[in-house]
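**Q** Mind having a look at this structure? Questions to follow.
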Amino acid sequence: MELSFSIFIAISSLTFMTPILLASVGEIITEKSGVVNIGIEGILIASALAAALTAIVTGSLTLSLATAVLTGALIGFTHGAIAVYFRSDQIIAGLAVNIIAYGATVVSLASIWGAHGASPRLEVYTPALNVLGYKVPFISLASILIALIAWYALKKLRVGLALRACGEDPRAAEALGVNVNMARILATTIGGALAGLAGAFLAIEIVGQFTRGIAAGRGFIALANVAFSGWNPLLAIVGAYAFGFLEALSVYVQQHALEYAYIAKTIPYLGTLAIVALAGWKARMPRSLAKPYIKE
Amino acid sequence: MMLAMGESGLRKVYPVLESLAALIAGIIGGFIVSAVLGYDPFASISLILLSGFGNIEYLLSISVPLTLSALAFIVPLRAGLFNIGVEGQAYVGALAAVYVSSLTGFPLPIILAPLAGALIGFLIGVLRVYRGVNEVVSSIMLNWTLFYTVSFTISRYLRDPVIVHQSVRVDRMLSALEALLIALAITIAVHTILYRTTLGYYIRVMGSSPEALKYSGSSESRVTLTAMSLGGVLGGLAGALQVYTVSGFIDVTMSAVFGIGFMGIAAGLIGRATAVGALPASILISALIIGGHKLELVLGAPPELADVMIGVMMLALSAPYALRLLSSKVLG
């Protein structure tokens with residue numbers, strides 16, 4: 001195999017891994033608290049639009065990232081609040097979030113830019129290192145750091161213990177003096193915020209504009225990664241890199257075998273399915289995942 | 001009136017009330033989004049709500065494949081399984097219908113297409129039972145994989161000689177009445193399976209209490225595989241009927257079938273996960289979808305505004321407790 005090919009794949013996998021890793025870490029935090037949010041696909045889409053719109057209107061990268069994170073946090077908060085206070089079926093609610101986000105962003109595309117498929121190109125870029133002639137965005141490195149911090153906080157800190165207690169045995173958590181409902185809403189909000197950052201990165205660094213249904217299943221690939229990692233942010237880094245690799249490979253094949261572009265596009269999805277199906281270990285999910293906590 | 005109906009009567013109308021409340025929530029959601037994005041909310045929402053009912057024959061022909069999609073979602077749902085893979089099952093069903101139609105004529109395509117869907121449903125079941133893969137994740141991965149695989153197959157092997165991005169056409173179309181009769185027959189069949197057979201009994205037991213299933217003589221693995229395969233049969237049929245009653249062909253962007261699985265989820269929920277509720281709920285959703293397209297023609301607003309309304313309806317139905325909370329606050 002050619003060296004340049006290997007280098008291209010190895011380095012661009014870091015870029016492709018970033019949204020998956022950010023969304024995965026966010027979802028791990030959310031699920032550890034006992035809430036499942038399959039609406040992260042929708043959060044990716046909505047925050048990508050928020051990032052694109054802000055970037056085009058203000059030209060500011062900082063503002064663009066900030067609005068995307070806020071958008072994600074707001075949707076996460078809403079999902080968490082509905083799950084906690086209205087005892088929603090969290091799978092159905094998440095699917096609904098995805099449909100609403102897809103629909104509302106397509107309507108926005110038409111309303112804001114008069115476009116059916118895509119926004120204008122974005123002129124902002126995130127700062128990056130240059131490694132062997134390829135860009136490695138700082139956000140990609142930051143995403144690894146965020147995963148490390150999340151692992152440390154969940155495993156070693158008191159706040160992590162409290163959060164895990166909410167997902168395992170909310171009654172015991174309440175006895176420890178933890179406000180379970182608050183903790184769950186907060187965790188879902190943080191998870192949403194991280195998915196929001198992922199959405200901004202997707203629009204700015206990976207696609208370069210907002211496109212209809214921009215997430216293209218990445219939210220669900222992140223969910224696959226959460227299960228693959230066994231709810232461990234450290235393993236989520238490994239998983240996200242593998243999924244990033246699949247996407248880099250897919251892009252490479254699409255560019256070099258045009259005839260088989262459709263088939264190349266299936267690589268990330270089939271590869272993800274193969275990884276989660278073949279992974280040898282089966283970690284146990286948080287015991288009270290997706291179960292509302294009802295105080296007597 | 002309320003008193004005369006008594007407790008059990010109230011319990012029977014409650015699901016209908018919840019669906020109505022969801023519709024109102026959907027209208028409010030659509031109203032807000034259209035107003036914020038600069039479209040006239042009154043004109044937009046009334047177009048979406050009403051114009052779908054202008055042509056009943058067209059409305060019915062759109063509703064029939066959607067009914068099948070709703071049934072494909074609710075059969076596994078009754079066992080506590082989320083068949084999000086109806087979308088992909090419909091893709092392969094549509095492809096199988098077009099392919100078989102190019103070899104032989106009606107009705108063989110409609111009979112064989114469900115088998116293609118069943119394979120996908122079975123695969124999702126196998127991945128869950130033997131590899132512990134959550135069915136929502138595997139479904140979405142398969143949906144995307146099948147999307148591109150079907151696109152590839154059409155562009156390579158089933159291309160229309162004149163319009164290159166389309167597949168060849170099927171040999172004939174079904175009238176709205178023929179399609180409706182098929183949908184009614186399948187609805188009765190699904191209702192019968194759910195309530196009059198041991199399989200249906202096991203499905204419902206697993207849905208309400210997986211623990212109890214162990215003592216009832218079946219196993220979670222067996223019910224999962226059967227319910228998902230049955231969901232796949234119905235999903236494949238949804239795709240085939242979409243081709244045979246609505247589009248006549250499929251294209252490389254899958255636009256003829258795209259979204260049918262997700263709208264089926266909405267219809268299944270609005271029909272409160274019952275077989276008999278699937279058709280009326282599908283008629284309502286279809287009316288909104290047609291209304292969305294009318295909206296585009298008349299006001300130039302995107303038809304996806306209808307998707308937003310349907311999504312908000314789903315969100316409302318995800319939390320029936322909200323309505324209970326609200327009504328207990330209002331009624332005291």
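Numbering starts fresh at 1 for the residues of each chain in the structure tokens, the chains themselves are lettered A, B, ... in the order given, and ligands are numbered from 1 as they appear.
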Quick one: residues within 8 Å of Gly125 (chain B), only C-alpha atoms counted, chain neighbours fewer than 3 positions away excluded, as a PyMOL selection string?

**A** chain B and resi 121-122+128-129+135+224-225+228-229

**Q** Would you put the residues from that selection into a file with N, CA and C atoms, as an mmCIF file, in the first residue's frame?

**A**
data_model
loop_
_atom_site.group_PDB
_atom_site.id
_atom_site.type_symbol
_atom_site.label_atom_id
_atom_site.label_comp_id
_atom_site.auth_asym_id
_atom_site.auth_seq_id
_atom_site.Cartn_x
_atom_site.Cartn_y
_atom_site.Cartn_z
ATOM 1 N N GLY B 121 -35.574 -7.457 8.211
ATOM 2 C CA GLY B 121 -36.110 -7.501 9.572
ATOM 3 C C GLY B 121 -35.484 -8.633 10.377
ATOM 4 N N PHE B 122 -35.342 -9.791 9.719
ATOM 5 C CA PHE B 122 -34.745 -10.959 10.372
ATOM 6 C C PHE B 122 -33.299 -10.650 10.777
ATOM 7 N N ARG B 128 -29.644 -8.464 17.129
ATOM 8 C CA ARG B 128 -30.024 -8.164 18.514
ATOM 9 C C ARG B 128 -29.920 -9.402 19.401
ATOM 10 N N VAL B 129 -30.452 -10.513 18.885
ATOM 11 C CA VAL B 129 -30.509 -11.718 19.721
ATOM 12 C C VAL B 129 -29.125 -12.320 19.932
ATOM 13 N N GLU B 135 -31.415 -2.617 18.265
ATOM 14 C CA GLU B 135 -32.087 -2.615 16.962
ATOM 15 C C GLU B 135 -32.197 -1.223 16.347
ATOM 16 N N THR B 224 -38.483 -12.157 19.326
ATOM 17 C CA THR B 224 -37.782 -11.063 18.662
ATOM 18 C C THR B 224 -37.599 -11.361 17.175
ATOM 19 N N LEU B 225 -37.102 -12.577 16.868
ATOM 20 C CA LEU B 225 -36.863 -12.930 15.461
ATOM 21 C C LEU B 225 -38.159 -12.927 14.657
ATOM 22 N N MET B 228 -39.664 -9.220 14.373
ATOM 23 C CA MET B 228 -38.890 -8.376 13.456
ATOM 24 C C MET B 228 -39.061 -8.844 12.013
ATOM 25 N N SER B 229 -39.125 -10.166 11.795
ATOM 26 C CA SER B 229 -39.333 -10.656 10.429
ATOM 27 C C SER B 229 -40.702 -10.231 9.913
#

**Q** Can you check which parts of chain B lie within 6 Å of chain A? Per residue, the shortest pair of atoms and distance in Å to one decimal, counting only C-alpha atoms, sorted by chain and number, as CSV.

**A**
residue,atom,partner,partner_atom,distance
B:Arg131,CA,A:Ala277,CA,5.5
B:Met141,CA,A:Tyr269,CA,4.9
B:Thr145,CA,A:Thr266,CA,4.8
B:Tyr148,CA,A:Tyr262,CA,5.2
B:Phe152,CA,A:Tyr262,CA,5.6
B:Pro302,CA,A:Val107,CA,5.5
B:Glu304,CA,A:Gly103,CA,4.9
B:Asp307,CA,A:Gly103,CA,5.4
B:Val308,CA,A:Ile100,CA,4.6
B:Gly311,CA,A:Ala96,CA,4.8
B:Met314,CA,A:Ala96,CA,5.5
B:Leu315,CA,A:Ala93,CA,5.1
B:Ser318,CA,A:Asp89,CA,5.1
B:Ala319,CA,A:Ser88,CA,4.0
B:Tyr321,CA,A:Phe86,CA,5.6
B:Ala322,CA,A:Phe86,CA,5.0

**Q** Just give me the gap between CA of Ala273 (chain B) and CA of Gly235 (chain B) in Å, one decimal is fine.

**A**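 Atom-to-atom, CA of Ala273 (chain B) and CA of Gly235 (chain B) are spaced 15.4 Å apart.
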
**Q** Contacts of Ala43 (chain B) at 10 Å or less, counting only C-alpha atoms, minus same-chain residues fewer than 2 places along, as a list in words?

**A**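 Counting only the stated atoms, we get Phe31, Ser34, Tyr39, Asp40, Pro41, Ile45, Ser46, Leu47, Ile48, Leu295, Val298 and Leu299 of chain B.
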
**Q** Out of region 123-195 of chain A, which residues get strand (DSSP E or B) from DSSP, as a list in words?

**A**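 So, restricting region 123-195 of chain A to strand (DSSP E or B), we get Ala128, Leu129, Asn130, Val131, Tyr134, Lys135, Val136 and Pro137 of chain A.
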
**Q** Could the residues in this selection be saved with N, CA and C atoms as an mmCIF file, in the first residue's frame?

**A**
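Output below, filename result_28.cif:
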data_model
loop_
_atom_site.group_PDB
_atom_site.id
_atom_site.type_symbol
_atom_site.label_atom_id
_atom_site.label_comp_id
_atom_site.auth_asym_id
_atom_site.auth_seq_id
_atom_site.Cartn_x
_atom_site.Cartn_y
_atom_site.Cartn_z
ATOM 1 N N ALA A 128 -5.525 25.028 12.991
ATOM 2 C CA ALA A 128 -5.090 23.644 12.816
ATOM 3 C C ALA A 128 -3.581 23.535 12.824
ATOM 4 N N LEU A 129 -3.093 22.370 13.182
ATOM 5 C CA LEU A 129 -1.675 22.043 13.059
ATOM 6 C C LEU A 129 -1.437 21.528 11.643
ATOM 7 N N ASN A 130 -0.192 21.629 11.201
ATOM 8 C CA ASN A 130 0.139 21.034 9.926
ATOM 9 C C ASN A 130 1.011 19.805 10.181
ATOM 10 N N VAL A 131 0.474 18.618 9.863
ATOM 11 C CA VAL A 131 1.242 17.387 10.073
ATOM 12 C C VAL A 131 1.475 16.727 8.722
ATOM 13 N N TYR A 134 -0.770 17.669 6.003
ATOM 14 C CA TYR A 134 -2.211 17.557 6.221
ATOM 15 C C TYR A 134 -2.616 18.352 7.457
ATOM 16 N N LYS A 135 -3.862 18.873 7.416
ATOM 17 C CA LYS A 135 -4.364 19.666 8.542
ATOM 18 C C LYS A 135 -4.848 18.762 9.672
ATOM 19 N N VAL A 136 -4.458 19.111 10.893
ATOM 20 C CA VAL A 136 -5.074 18.464 12.058
ATOM 21 C C VAL A 136 -5.683 19.570 12.914
ATOM 22 N N PRO A 137 -7.011 19.734 12.857
ATOM 23 C CA PRO A 137 -7.639 20.832 13.590
ATOM 24 C C PRO A 137 -7.421 20.697 15.101
#

**Q** Just asking: which residues within region 10-176 of chain A are alpha helix (DSSP H) according to DSSP, as a VMD selection string?

**A** chain A and resid 10 to 32 40 to 58 61 to 85 90 to 113 138 to 156 158 to 168 170 to 175

**Q** When you look at Leu161 (chain A) with a cut-off of 12 Å (counting only C-alpha atoms), what residues show up, excluding the ones that are within fewer than 3 positions of it in the same chain? I need them as a PyMOL selection string.

**A** chain A and resi 29+32-33+151-158+164-170+172-173+176+178+183

**Q** Quick one: everything within 10 Å of Val168 (chain B), counting only C-alpha atoms, minus sequence neighbours fewer than 6 positions away in the same chain. Send it as a PyMOL selection string.

**A** chain B and resi 98-99+101-102+154+157-162+248-251

**Q** Compile the contact shell of region 191-206 of chain B as an MDAnalysis selection string: residues with an atom at most 10 Å away, counting only C-alpha atoms, same-chain residues fewer than 3 positions apart removed.

**A** chainID B and resid 71 75:81 185:188 209:214 216:220 222:224 226:227 274:276

**Q** Find the residues around Leu146 (chain B) up to 9 Å (only C-alpha atoms counted), leave out those fewer than 6 positions away in its own chain, and share them as a PyMOL selection string.

**A** (chain A and resi 266) or (chain B and resi 88-89+91-92)

**Q** Go ahead and write the residues just picked, N, CA and C atoms, as a tab-separated table (two decimals), in the first residue's frame.

**A**
chain	number	residue	atom	x	y	z
A	266	THR	N	-21.45	3.21	1.40
A	266	THR	CA	-22.01	2.32	2.42
A	266	THR	C	-20.94	1.93	3.45
B	88	GLY	N	-35.51	1.07	5.37
B	88	GLY	CA	-34.67	0.21	4.55
B	88	GLY	C	-35.44	-0.98	3.99
B	89	GLN	N	-36.35	-1.51	4.81
B	89	GLN	CA	-37.18	-2.64	4.35
B	89	GLN	C	-38.04	-2.21	3.16
B	91	TYR	N	-37.18	0.18	1.05
B	91	TYR	CA	-36.29	0.34	-0.12
B	91	TYR	C	-36.14	-0.99	-0.84
B	92	VAL	N	-35.80	-2.07	-0.08
B	92	VAL	CA	-35.58	-3.35	-0.76
B	92	VAL	C	-36.89	-3.91	-1.30

**Q** Using only C-alpha atoms, can you tell me which of A:Ala195, A:Ile43, A:Ala118, A:Leu246 comes closest to Leu14 (chain A)?

**A**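 Closest candidate: A:Leu246.
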